[in-house]
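Report on the following structure.
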Protein chains: 2
Amino acid sequence: MPTNVYDPPALEPGTLRVTPLGGLGEIGRNMTVFEYGGKLLIVDCGVLFPEEHQPGVDLILPDFEPIKDRLDDIVAVVLTHGHEDHIGAVPYLLRLKRDIPVIGSGLTLALVEAKLKEHRIKPYTLTVTEGQRENVGPFDLEFVAVNHSIPDALAVGIRTPAGLVLATGDFKMDQLPLDGRLTDLRAFARLGEEGVDLFLVDSTNADVPGFTPLERAIGPVLDQVIAKAPRRVIVASFSSHVHRVQQVIDAAAENGRRVAFLGRSMVRNMTIAEELGYLKVPDGVLIDYKKAKDLPDDRIVYMSTGSQGEPMAVLSRMANLDHAIEPGPGDTVILASSLIPGNENAVYRVIDGLTKLGANVVHKGNAKVHVSGHAAAGELLYCYNILKPRNVLPVHGEYRHLIANAKLAQDTGIPAERTIIGENGTVVDLKDGHAEVVGQLDLGFVYVDGSTVGEITDADLKDRRILGEEGFISVIVVVDAATGRIITGPEIHARGFAEDDAVFDSVKPKIAAALAEAAQSGVRDTHALSQVVRRTIGRWVNQALRRRPMIVPLVIEA
Amino acid sequence: MPTNVYDPPALEPGTLRVTPLGGLGEIGRNMTVFEYGGKLLIVDCGVLFPEEHQPGVDLILPDFEPIKDRLDDIVAVVLTHGHEDHIGAVPYLLRLKRDIPVIGSGLTLALVEAKLKEHRIKPYTLTVTEGQRENVGPFDLEFVAVNHSIPDALAVGIRTPAGLVLATGDFKMDQLPLDGRLTDLRAFARLGEEGVDLFLVDSTNADVPGFTPLERAIGPVLDQVIAKAPRRVIVASFSSHVHRVQQVIDAAAENGRRVAFLGRSMVRNMTIAEELGYLKVPDGVLIDYKKAKDLPDDRIVYMSTGSQGEPMAVLSRMANLDHAIEPGPGDTVILASSLIPGNENAVYRVIDGLTKLGANVVHKGNAKVHVSGHAAAGELLYCYNILKPRNVLPVHGEYRHLIANAKLAQDTGIPAERTIIGENGTVVDLKDGHAEVVGQLDLGFVYVDGSTVGEITDADLKDRRILGEEGFISVIVVVDAATGRIITGPEIHARGFAEDDAVFDSVKPKIAAALAEAAQSGVRDTHALSQVVRRTIGRWVNQALRRRPMIVPLVIEA
């Protein structure tokens with residue numbers, strides 16, 4: 001939550017206002033609003049995945065509050081690439097207004113359209129490509145190729161009379177990318193010479209020294225592991241990582257194996273990627289997984305989801321023998337993926353389960369089967385030196401990443417006061433080459449749970465944490481409205497608390513006695529009587545058992 | 001849970017029976033039972049810390065079931081070292097029988113005695129030292145020095161007529177240990193020449209290639225960071241890591257700073273370590289933390305707990321400004337510790353919080369401020385080659401670690417059939433140099449929650465997970481016993497489900513209608529009526545909201 005909330009002044013003519021709604025202080029739900037001349041441009045609209053202190057939540061959206069009353073002013077949503085943390089909240093934005101135009105590269109739009117289809121929304125889209133310029137309202141957009149862990153990622157230059165902004169989206173600077181599509185440093189240089197007034201830059205790996213290794217370094221490792229594998233090979237990775245999948249396909253083909261996709265999102269995304277030409281599959285290599293079973297074990301590679309130990313994904317189900325494909329001795333499983341913080345225990349459980357079944361498990365910990373998709377410190381220094389931006393707003397990172405990125409900018413000579421450490425809702429105004437924080441909005445988390453959006457609050461999550469840690473005890477007493485005497489009860493029910501309800505036998509008379517005493521002194525109000533019940537059982541459970549379950553007293557009149 | 005449970009045969013004369021009750025398939029609650037001639041020897045008795053799928057649990061104990069009826073046969077508990085995963089369950093064992101003798105080194109016993117004091121137990125103890133031999137019942141014990149991340153760790157050799165067993169406890173082979181106390185490879189060699197029939201060996205780092213770096217490599221890094229620190233320095237580490245604390249004290253003294261201990265366990269353990277001579281503090285270096293505030297900022301190092309992001313420990317409270325010491329710009333925080341899997345998000349939250357307050361945070365990710373306490377693969381190979389054991393039982397590890405350790409043994413020439421992969425409750429009989437699995441006990445998790453031990457079951461934890469993910473809805477209806485007609489209700493209360501109870505307005509008439517229908521068709525039984533309520537609201541919540549909270553229907557007769 002923001003530390004110091006204050007309203008920005010009215011936006012002055014000739015000024016560009018930049019307000020990140022998500023992605024600052026967190027990895028996820030990236031979304032930034034640009035305002036000029038009464039019009040809004042949105043760059044990215046992603047989701048954040050919940051952490052363990054947000055139990056039961058499916059997704060977290062950016063807080064749309066600042067734009068909710070200004071939907072008609074939105075000229076477009078630009079999507080820099082097709083990852084969930086950049087496109088996942090688009091359906092929820094378009095639910096508010098269906099005809100907001102969506103701009104992005106071919107693959108990005110294909111992925112967001114597939115997602116919108118599930119929400120029964122058909123969007124207005126504009127496909128753009130690197131080098132292209134488009135005027136959208138008062139915004140003159142220029143798209144620049146960047147390299148990332150998904151193809152067809154774009155940085156976006158935004159020109160208004162207030163100045164030139166460059167937003168990188170997610171990027172790294174692999175100098176030998178698989179598809180030859182480099183982060184376009186010539187364009188960065190040209191924009192730098194023109195003068196970048198504000199640079200919004202990916203901070204994910206700003207605290208990682210050096211350079212992200214080449215994606216193509218993984219190919220030979222995959223090749224070697226697959227060549228040596230005596231039986232089936234199962235590779236798990238991110239379902240949008242087209243280049244990683246390309247390398248698996250190439251290594252499989254090299255070793256005379258066919259490839260079957262497993263997992264709904266893997267099948268869907270790779271079908272899209274192949275149709276659009278991002279994934280190149282040699283003839284006869286792909287095979288439906290149902291037919292793959294008829295192949296000899298040493299002729300097949302399964303390419304699956306579940307590299308993060310997600311309980312419902314293919315790999316976890318395999319490890320639990322809850323999938324048609326049951327790994328066994330001689331099988332090789334490769335987790336060609338990162339280990340996202342918070343997922344460690346789940347992933348290690350899957351690795352242990354697979355090992356127990358006899359499989360040989362190859363992962364980041366014991367082989368070079370993953371590289372990051374984000375620029376490390378060394379690459380960011382190149383960027384700063386080529387661009388020499390006037391002002392820097394590190395985005396896409398937890399607080400320590402933003403700080404590390406700002407320090408890199410300062411190392412290249414950008415003054416500390418020109419590097420802005422913001423949070424979600426920080427309002428930055430740009431005019432005449434000068435960027436300044438002018439406000440801090442009070443934004444929250446918007447939780448998606450089932451089909452409800454924003455109904456679950458932080459108070460509900462606090463209740464869930466208590467319930468999840470301690471369970472609850474409910475005490476029901478039916479009392480006579482006139483006399484306050486107990487008609488039925490106390491009945492005590494507990495869940496997540498103890499196996500045997502007999503544990504409550506000793507406290508029931510205490511509750512009855514406390515209620516009788518209250519009734520005698522004239523208390524009739526059921527709420528007040530409920531509090532008597534709460535205090536009596538609460539004190540008992542704390543002292544006798546040293547536990548603090550949720551206590552739900554219900555005194556009902558009859 | 002064990003996959004294939006079967007009873008072992010009656011133990012034959014001249015045979016040693018070895019049964020690990022904990023520590024196999026997990027890192028924690030290490031405990032092994034050795035039986036010979038009707039007598040039992042226990043080695044270690046530790047706790048396991050719960051994972052996220054065991055919410056609200058304080059500790060997990062080994063399942064004492066196999067020894068519960070044989071307490072009088074236990075001749076002693078040998079503790080290899082003073083870490084919680086080796087001594088933490090001793091109070092719970094001694095609660096069953098207070099006079100079981102406890103054997104260990106000086107530091108180990110001091111730590112377990114401090115713990116037992118909190119449980120108001122004064123144990124019978126025997127202090128032993130490396131090289132010592134002791135006969136305990138039919139067991140001829142020999143203690144061997146090993147090096148670990150706590151001083152005074154011991155391996156134990158166990159001789160019976162059935163053969164010689166060596167259990168390493170936790171160990172590594174730092175060749176330049178701070179206290180000069182090496183893992184005694186000369187003793188290992190001598191035992192190897194005598195002939196080790198069964199080797200129980202630490203597997204924690206068996207899947208880490210190479211060698212664990214020297215502990216003393218950390219000193220210069222600490223020295224450098226502290227030398228450069230402009231203001232206060234706060235170091236967090238494990239409260240039992242005497243050598244790490246020693247290096248912090250040395251680096252502080254070198255830089256003219258004084259040291260204050262923070263956190264109950266840090267103060268307690270370091271007081272013990274200093275009294276017993278394991279921690280060497282130069283005169284005038286230690287200072288009470290209350291007095292430390294009066295020192296200039298650049299003259300103090302705080303040595304604190306909380307390196308794993310534990311919410312109630314000092315470092316987390318500092319990050320939340322919930323501690324007398326409030327970190328700020330210019331302060332340096334060093335996390336001189338590992339990052340235990342599962343704690344990542346908590347630790348990163350603390351790092352972000354401290355960074356946000358302006359502190360410079362140094363941790364394993366950006367400086368060499370931690371080394372492991374366990375032997376890596378290269379060290380284990382030395383062990384196998386020096387000992388040449390006849391049979392190997394890898395212990396102290398998750399499944400993949402046990403497998404990796406067994407493979408290392410095999411690489412040194414030990415036949416695969418002589419390397420036993422066990423689980424908790426695997427019964428191994430040793431006779432005439434031959435070790436064999438003869439049974440598999442069905443052991444469970446024993447959960448400590450508050451002051452209750454073993455009352456929380458896996459079913460309760462499942463309830464907690466549902467409650468924690470989804471919350472609950474309780475529906476109370478009071479009906480007339482004779483007619484089944486509703487007197488009061490349905491009253492609906494929900495927690496962790498939605499902010500506004502108005503969401504239930506539409507379902508209340510449905511519940512009333514369903515109950516009326518049931519009553520009309522003659523249903524009077526409150527349990528059956530409860531099921532009617534459950535079905536009605538359950539269907540509604542699943543279909544209308546796509547959620548699956550716990551539903552607690554309560555139909556009460558009045």
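Residues are named by chain letter and number: chains run A, B, ... in the order of the structure tokens, numbers start at 1 in each chain, and ligands are numbered from 1 in the order shown.
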Please return, as a list in words, all residues of chain B lying within 6 Å of chain A when only C-alpha atoms are considered.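 Output check: Pro55, Gly56, Pro341, Gly342, Glu344, Asn345, Asp352, Tyr399, Arg400, Gly450, Ser451, Glu455, Ile456, Asp460, Leu461, Asp463, Arg464, Arg465, Leu467, Gly468, Glu469, Glu470, Gly471, Gly496, Ala498, Leu545, Arg546 and Arg547 of chain B.
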Let me see the file: selected residues, N, CA, C and O atoms, as a short mmCIF file (atom, residue, chain, number, x, y, z; two decimals), in the first residue's frame.
```cif
data_model
loop_
_atom_site.label_atom_id
_atom_site.label_comp_id
_atom_site.auth_asym_id
_atom_site.auth_seq_id
_atom_site.Cartn_x
_atom_site.Cartn_y
_atom_site.Cartn_z
N PRO B 55 -0.80 -26.10 7.27
CA PRO B 55 -0.96 -24.76 7.84
C PRO B 55 -1.25 -24.80 9.34
O PRO B 55 -1.97 -25.67 9.82
N GLY B 56 -0.69 -23.83 10.04
CA GLY B 56 -1.00 -23.64 11.45
C GLY B 56 -0.27 -24.58 12.38
O GLY B 56 -0.33 -24.44 13.59
N PRO B 341 14.29 -23.59 1.25
CA PRO B 341 13.17 -23.62 0.30
C PRO B 341 11.82 -23.45 1.00
O PRO B 341 11.58 -24.06 2.05
N GLY B 342 10.98 -22.64 0.43
CA GLY B 342 9.68 -22.34 1.02
C GLY B 342 9.67 -20.98 1.71
O GLY B 342 8.62 -20.39 1.90
N GLU B 344 11.38 -18.29 0.54
CA GLU B 344 11.84 -17.26 -0.39
C GLU B 344 10.98 -16.00 -0.34
O GLU B 344 11.50 -14.89 -0.22
N ASN B 345 9.66 -16.17 -0.46
CA ASN B 345 8.82 -14.98 -0.51
C ASN B 345 8.92 -14.17 0.78
O ASN B 345 8.98 -12.94 0.74
N ASP B 352 12.96 -6.47 0.75
CA ASP B 352 12.31 -5.29 0.14
C ASP B 352 11.95 -4.25 1.18
O ASP B 352 12.15 -3.04 0.97
N TYR B 399 13.80 -37.45 -1.02
CA TYR B 399 14.04 -38.65 -1.81
C TYR B 399 15.17 -38.48 -2.82
O TYR B 399 16.05 -39.32 -2.96
N ARG B 400 15.17 -37.31 -3.53
CA ARG B 400 16.20 -37.12 -4.55
C ARG B 400 17.59 -37.07 -3.94
O ARG B 400 18.57 -37.47 -4.58
N GLY B 450 -0.07 -25.52 19.27
CA GLY B 450 -0.30 -25.00 20.61
C GLY B 450 0.22 -26.01 21.60
O GLY B 450 1.31 -26.55 21.44
N SER B 451 -0.59 -26.31 22.61
CA SER B 451 -0.13 -27.29 23.59
C SER B 451 -0.62 -28.69 23.27
O SER B 451 -0.43 -29.61 24.02
N GLU B 455 -3.14 -34.21 18.19
CA GLU B 455 -4.60 -34.11 18.09
C GLU B 455 -5.05 -33.64 16.72
O GLU B 455 -6.12 -34.00 16.25
N ILE B 456 -4.22 -32.80 16.12
CA ILE B 456 -4.52 -32.37 14.75
C ILE B 456 -4.15 -33.50 13.79
O ILE B 456 -3.05 -34.05 13.86
N ASP B 460 -7.88 -32.73 9.58
CA ASP B 460 -8.01 -31.35 10.05
C ASP B 460 -7.23 -30.41 9.14
O ASP B 460 -7.68 -29.30 8.83
N LEU B 461 -6.05 -30.85 8.72
CA LEU B 461 -5.24 -29.98 7.85
C LEU B 461 -5.92 -29.80 6.51
O LEU B 461 -5.86 -28.72 5.91
N ASP B 463 -9.15 -29.76 6.08
CA ASP B 463 -10.18 -28.74 6.38
C ASP B 463 -9.56 -27.34 6.41
O ASP B 463 -10.12 -26.39 5.87
N ARG B 464 -8.41 -27.23 7.07
CA ARG B 464 -7.76 -25.91 7.13
C ARG B 464 -7.42 -25.40 5.75
O ARG B 464 -7.54 -24.20 5.48
N ARG B 465 -6.94 -26.29 4.88
CA ARG B 465 -6.58 -25.84 3.53
C ARG B 465 -7.81 -25.32 2.80
O ARG B 465 -7.76 -24.28 2.14
N LEU B 467 -10.61 -24.19 4.23
CA LEU B 467 -11.01 -22.94 4.90
C LEU B 467 -10.10 -21.79 4.50
O LEU B 467 -10.56 -20.67 4.26
N GLY B 468 -8.80 -22.08 4.40
CA GLY B 468 -7.84 -21.04 4.10
C GLY B 468 -7.93 -20.58 2.66
O GLY B 468 -7.63 -19.44 2.35
N GLU B 469 -8.33 -21.47 1.77
CA GLU B 469 -8.44 -21.10 0.36
C GLU B 469 -9.78 -20.45 0.06
O GLU B 469 -9.88 -19.58 -0.80
N GLU B 470 -10.83 -20.90 0.73
CA GLU B 470 -12.18 -20.57 0.27
C GLU B 470 -13.07 -19.97 1.35
O GLU B 470 -14.15 -19.48 1.05
N GLY B 471 -12.65 -20.06 2.63
CA GLY B 471 -13.54 -19.61 3.69
C GLY B 471 -14.69 -20.58 3.92
O GLY B 471 -14.68 -21.69 3.40
N GLY B 496 -14.23 -15.16 5.33
CA GLY B 496 -13.25 -15.43 4.28
C GLY B 496 -13.90 -15.67 2.95
O GLY B 496 -13.33 -16.27 2.05
N ALA B 498 -16.83 -13.30 1.42
CA ALA B 498 -17.22 -12.08 0.71
C ALA B 498 -17.45 -11.00 1.74
O ALA B 498 -17.80 -11.29 2.89
N LEU B 545 -21.24 -18.47 -8.43
CA LEU B 545 -19.99 -17.76 -8.10
C LEU B 545 -18.74 -18.55 -8.48
O LEU B 545 -17.63 -18.04 -8.36
N ARG B 546 -18.92 -19.78 -8.92
CA ARG B 546 -17.78 -20.66 -9.24
C ARG B 546 -16.78 -20.73 -8.08
O ARG B 546 -15.58 -20.57 -8.26
N ARG B 547 -17.31 -20.92 -6.90
CA ARG B 547 -16.47 -21.03 -5.72
C ARG B 547 -16.84 -22.30 -4.96
O ARG B 547 -17.92 -22.87 -5.18
#
```
Near region 303-318 of chain A, counting only C-alpha atoms, which residues have an atom at most 8 Å away, once you skip same-chain residues fewer than 6 positions from it, shown as a ChimeraX atom specification? /A:234-239,245,248,259-263,265-266,324-327,335-337,339-340,343,346-350,354
Go ahead and save the residues from that selection, with C-alpha atoms, as a PDB file, in the first residue's frame.
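Saved result, part_34.pdb, follows:
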```pdb
ATOM      1  CA  ILE A 234       9.337 -35.464 -20.821  1.00  0.00           C
ATOM      2  CA  VAL A 235      10.259 -31.779 -21.005  1.00  0.00           C
ATOM      3  CA  ALA A 236       8.347 -29.219 -18.966  1.00  0.00           C
ATOM      4  CA  SER A 237       8.590 -25.486 -19.588  1.00  0.00           C
ATOM      5  CA  PHE A 238       6.509 -22.326 -19.840  1.00  0.00           C
ATOM      6  CA  SER A 239       3.721 -22.732 -22.375  1.00  0.00           C
ATOM      7  CA  VAL A 245      10.000 -25.369 -27.288  1.00  0.00           C
ATOM      8  CA  VAL A 248      13.241 -29.105 -27.691  1.00  0.00           C
ATOM      9  CA  VAL A 259       7.217 -34.581 -30.100  1.00  0.00           C
ATOM     10  CA  ALA A 260       3.768 -34.559 -28.491  1.00  0.00           C
ATOM     11  CA  PHE A 261       2.405 -31.487 -26.712  1.00  0.00           C
ATOM     12  CA  LEU A 262       0.716 -32.009 -23.338  1.00  0.00           C
ATOM     13  CA  GLY A 263      -1.383 -29.541 -21.369  1.00  0.00           C
ATOM     14  CA  SER A 265      -2.110 -24.014 -22.691  1.00  0.00           C
ATOM     15  CA  MET A 266       0.894 -25.727 -24.309  1.00  0.00           C
ATOM     16  CA  ALA A 324      -2.358 -41.239 -18.698  1.00  0.00           C
ATOM     17  CA  ILE A 325       1.431 -41.082 -19.018  1.00  0.00           C
ATOM     18  CA  GLU A 326       3.041 -42.701 -15.986  1.00  0.00           C
ATOM     19  CA  PRO A 327       6.769 -42.036 -15.689  1.00  0.00           C
ATOM     20  CA  LEU A 335      12.461 -29.026 -16.205  1.00  0.00           C
ATOM     21  CA  ALA A 336      13.641 -26.433 -18.735  1.00  0.00           C
ATOM     22  CA  SER A 337      12.449 -23.488 -16.705  1.00  0.00           C
ATOM     23  CA  LEU A 339      12.071 -21.682 -10.346  1.00  0.00           C
ATOM     24  CA  ILE A 340       9.778 -18.773  -9.497  1.00  0.00           C
ATOM     25  CA  ASN A 343       7.155 -22.409  -5.907  1.00  0.00           C
ATOM     26  CA  ALA A 346       5.922 -27.568  -4.915  1.00  0.00           C
ATOM     27  CA  VAL A 347       8.614 -28.077  -7.554  1.00  0.00           C
ATOM     28  CA  TYR A 348      10.810 -30.156  -5.243  1.00  0.00           C
ATOM     29  CA  ARG A 349       7.794 -32.308  -4.373  1.00  0.00           C
ATOM     30  CA  VAL A 350       7.299 -32.973  -8.084  1.00  0.00           C
ATOM     31  CA  LEU A 354       9.267 -38.338 -10.309  1.00  0.00           C
TER      32      LEU A 354
END
```
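Residues with any atom within 10 Å of Ile511 (chain B), counting only C-alpha atoms and excluding same-chain neighbours fewer than 5 positions away, are Val475, Val477, Gly489, Pro490, Ser506, Ala516, Glu517, Val532, Val533, Arg534, Arg535, Thr536 and Ile537 of chain B.
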With a distance cut-off of 10 Å and only C-alpha atoms, select the neighbouring residues of Met173 (chain B), excluding the residue or stretch itself and same-chain residues fewer than 2 positions from it, and output the selection as a list in words.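 Within the cut-off, the hits are Val146, Asn147, His148, Phe171, Gln175, Leu176, Pro177, Leu182, Thr183, Asp184, Leu185, Phe211, Thr212, Pro213, Leu214, Gly373, His374, Ala375, Ala376, Gly378, Glu379, Leu380, Tyr382 and Cys383 of chain B.
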Go ahead and save the picked residues with N, CA, C and O atoms, as an mmCIF file, in the first residue's frame.
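Saved to part_15.cif:
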```cif
data_model
loop_
_atom_site.group_PDB
_atom_site.id
_atom_site.type_symbol
_atom_site.label_atom_id
_atom_site.label_comp_id
_atom_site.auth_asym_id
_atom_site.auth_seq_id
_atom_site.Cartn_x
_atom_site.Cartn_y
_atom_site.Cartn_z
ATOM 1 N N VAL B 146 33.023 -34.672 14.093
ATOM 2 C CA VAL B 146 32.705 -34.242 12.727
ATOM 3 C C VAL B 146 32.488 -32.728 12.728
ATOM 4 O O VAL B 146 32.149 -32.125 13.742
ATOM 5 N N ASN B 147 32.692 -32.145 11.560
ATOM 6 C CA ASN B 147 32.568 -30.706 11.378
ATOM 7 C C ASN B 147 31.207 -30.388 10.759
ATOM 8 O O ASN B 147 30.773 -31.066 9.828
ATOM 9 N N HIS B 148 30.536 -29.384 11.330
ATOM 10 C CA HIS B 148 29.190 -29.040 10.845
ATOM 11 C C HIS B 148 28.974 -27.549 11.120
ATOM 12 O O HIS B 148 29.893 -26.865 11.580
ATOM 13 N N PHE B 171 27.186 -33.551 8.783
ATOM 14 C CA PHE B 171 28.614 -33.240 8.742
ATOM 15 C C PHE B 171 29.013 -32.679 7.386
ATOM 16 O O PHE B 171 28.300 -32.804 6.395
ATOM 17 N N GLN B 175 38.224 -28.331 5.514
ATOM 18 C CA GLN B 175 39.614 -28.712 5.803
ATOM 19 C C GLN B 175 40.378 -27.619 6.545
ATOM 20 O O GLN B 175 41.529 -27.825 6.940
ATOM 21 N N LEU B 176 39.734 -26.455 6.730
ATOM 22 C CA LEU B 176 40.349 -25.402 7.536
ATOM 23 C C LEU B 176 39.290 -24.815 8.477
ATOM 24 O O LEU B 176 38.992 -23.622 8.424
ATOM 25 N N PRO B 177 38.713 -25.673 9.312
ATOM 26 C CA PRO B 177 37.599 -25.174 10.144
ATOM 27 C C PRO B 177 38.079 -24.117 11.129
ATOM 28 O O PRO B 177 39.232 -24.121 11.551
ATOM 29 N N LEU B 182 38.492 -30.887 12.911
ATOM 30 C CA LEU B 182 38.194 -31.500 11.610
ATOM 31 C C LEU B 182 37.244 -32.683 11.779
ATOM 32 O O LEU B 182 37.174 -33.291 12.847
ATOM 33 N N THR B 183 36.534 -33.018 10.708
ATOM 34 C CA THR B 183 35.911 -34.340 10.651
ATOM 35 C C THR B 183 37.055 -35.339 10.678
ATOM 36 O O THR B 183 37.965 -35.272 9.854
ATOM 37 N N ASP B 184 37.022 -36.268 11.641
ATOM 38 C CA ASP B 184 38.196 -37.085 11.956
ATOM 39 C C ASP B 184 38.340 -38.241 10.959
ATOM 40 O O ASP B 184 37.896 -39.362 11.205
ATOM 41 N N LEU B 185 38.991 -37.937 9.835
ATOM 42 C CA LEU B 185 39.129 -38.957 8.792
ATOM 43 C C LEU B 185 40.094 -40.055 9.205
ATOM 44 O O LEU B 185 40.026 -41.170 8.680
ATOM 45 N N PHE B 211 32.585 -29.373 -3.761
ATOM 46 C CA PHE B 211 32.907 -29.294 -2.339
ATOM 47 C C PHE B 211 32.285 -28.046 -1.725
ATOM 48 O O PHE B 211 32.257 -26.992 -2.359
ATOM 49 N N THR B 212 31.804 -28.165 -0.503
ATOM 50 C CA THR B 212 31.299 -27.000 0.215
ATOM 51 C C THR B 212 32.474 -26.055 0.495
ATOM 52 O O THR B 212 33.502 -26.499 0.991
ATOM 53 N N PRO B 213 32.338 -24.780 0.164
ATOM 54 C CA PRO B 213 33.439 -23.835 0.412
ATOM 55 C C PRO B 213 33.763 -23.721 1.907
ATOM 56 O O PRO B 213 32.961 -24.099 2.757
ATOM 57 N N LEU B 214 34.921 -23.195 2.196
ATOM 58 C CA LEU B 214 35.359 -23.046 3.583
ATOM 59 C C LEU B 214 34.519 -22.001 4.319
ATOM 60 O O LEU B 214 34.251 -20.933 3.777
ATOM 61 N N GLY B 373 26.347 -26.269 5.651
ATOM 62 C CA GLY B 373 26.917 -27.063 6.737
ATOM 63 C C GLY B 373 27.034 -28.542 6.399
ATOM 64 O O GLY B 373 27.410 -29.337 7.253
ATOM 65 N N HIS B 374 26.692 -28.893 5.159
ATOM 66 C CA HIS B 374 26.633 -30.314 4.803
ATOM 67 C C HIS B 374 27.627 -30.652 3.689
ATOM 68 O O HIS B 374 27.905 -29.830 2.815
ATOM 69 N N ALA B 375 28.118 -31.876 3.732
ATOM 70 C CA ALA B 375 29.085 -32.355 2.746
ATOM 71 C C ALA B 375 28.445 -32.423 1.363
ATOM 72 O O ALA B 375 27.357 -32.979 1.209
ATOM 73 N N ALA B 376 29.121 -31.857 0.372
ATOM 74 C CA ALA B 376 28.675 -31.976 -1.015
ATOM 75 C C ALA B 376 29.219 -33.289 -1.600
ATOM 76 O O ALA B 376 29.950 -34.035 -0.924
ATOM 77 N N GLY B 378 31.507 -34.216 -3.646
ATOM 78 C CA GLY B 378 32.944 -34.492 -3.634
ATOM 79 C C GLY B 378 33.422 -34.986 -2.275
ATOM 80 O O GLY B 378 34.242 -35.918 -2.182
ATOM 81 N N GLU B 379 32.906 -34.394 -1.225
ATOM 82 C CA GLU B 379 33.279 -34.807 0.134
ATOM 83 C C GLU B 379 32.755 -36.201 0.448
ATOM 84 O O GLU B 379 33.440 -37.017 1.090
ATOM 85 N N LEU B 380 31.527 -36.473 0.011
ATOM 86 C CA LEU B 380 30.946 -37.791 0.287
ATOM 87 C C LEU B 380 31.765 -38.894 -0.388
ATOM 88 O O LEU B 380 31.945 -39.981 0.182
ATOM 89 N N TYR B 382 35.012 -38.886 -0.827
ATOM 90 C CA TYR B 382 36.135 -39.143 0.087
ATOM 91 C C TYR B 382 35.725 -40.124 1.187
ATOM 92 O O TYR B 382 36.424 -41.074 1.514
ATOM 93 N N CYS B 383 34.571 -39.829 1.788
ATOM 94 C CA CYS B 383 34.072 -40.667 2.873
ATOM 95 C C CYS B 383 33.931 -42.124 2.467
ATOM 96 O O CYS B 383 34.384 -43.026 3.153
#
```
Per DSSP on the backbone, filter region 135-350 of chain B down to the residues in strand (DSSP E) and report them as a ChimeraX atom specification. /B:135-136,139-146,153-160,163-167,198-202,233-236,258-262,300-304,332-335
Going by DSSP on the backbone, which bits of region 108-173 of chain B are helix (DSSP H, G or I)? Write them as a VMD selection string, please. chain B and resid 108 to 118
10 Å contact set for Asp179 (chain A), only C-alpha atoms, chain neighbours under 5 positions out, as a list in words: Asn147, Pro151, Asp152, His243, Tyr278 and Leu279 of chain A
Limited to N, CA and C atoms, could you put the picked residues into a file as a JSON list (two decimals), in the first residue's frame?
```json
[["chain", "number", "residue", "atom", "x", "y", "z"],
["A", 147, "ASN", "N", 14.10, -8.35, -27.61],
["A", 147, "ASN", "CA", 14.24, -9.78, -27.45],
["A", 147, "ASN", "C", 13.82, -10.17, -26.04],
["A", 151, "PRO", "N", 8.48, -14.75, -28.44],
["A", 151, "PRO", "CA", 8.80, -13.99, -29.65],
["A", 151, "PRO", "C", 7.95, -12.73, -29.78],
["A", 152, "ASP", "N", 8.40, -11.86, -30.67],
["A", 152, "ASP", "CA", 7.57, -10.75, -31.15],
["A", 152, "ASP", "C", 7.29, -9.71, -30.08],
["A", 243, "HIS", "N", 10.67, -20.24, -28.11],
["A", 243, "HIS", "CA", 12.05, -20.58, -28.48],
["A", 243, "HIS", "C", 12.56, -21.79, -27.71],
["A", 278, "TYR", "N", 5.93, -18.71, -35.97],
["A", 278, "TYR", "CA", 6.95, -18.45, -34.95],
["A", 278, "TYR", "C", 7.64, -19.74, -34.52],
["A", 279, "LEU", "N", 6.91, -20.84, -34.62],
["A", 279, "LEU", "CA", 7.46, -22.14, -34.27],
["A", 279, "LEU", "C", 7.62, -22.93, -35.57]]
```
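Taking CA of Arg257 (chain A) as the reference point, CA of Gln224 (chain A) is found at 13.3 Å.
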Distance in Å - CA of Leu200 (chain A) versus CA of Ile87 (chain A):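 Here the two named atoms are 17.9 Å from each other.
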Do you know which residues are at most 7 Å from Pro161 (chain B) counting only C-alpha atoms, after dropping those on the same chain fewer than 2 positions away, and could you put them as an MDAnalysis selection string? chainID B and resid 14 159 163
Any chance you can output those residues with C-alpha atoms as a compact mmCIF listing (two decimals), in the first residue's frame?
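As a result, again-v3.txt now contains:
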```txt
# COMPACT_ATOMS: atom_id res chain seq x y z
CA GLY B 14 22.64 -61.81 17.08
CA ARG B 159 29.30 -51.91 17.88
CA GLY B 163 28.64 -55.69 13.41
```
Take CA of His434 (chain A) and CA of Thr412 (chain A) and report the distance between them in Å, one decimal. 18.7 Å
Close residues, Ile421 (chain A) itself excluded, 7 Å, only C-alpha atoms, min 4 positions apart in chain, as an MDAnalysis selection string: chainID A and resid 393:394 402:403
Could you dump the residues just selected with C-alpha atoms as a tab-separated table (two decimals), in the first residue's frame?
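For reference, again08.tsv as written:
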```tsv
chain	number	residue	atom	x	y	z
A	393	LEU	CA	11.42	5.32	-14.15
A	394	PRO	CA	12.40	1.75	-13.32
A	402	LEU	CA	13.77	-0.88	-8.84
A	403	ILE	CA	16.48	0.42	-6.50
```
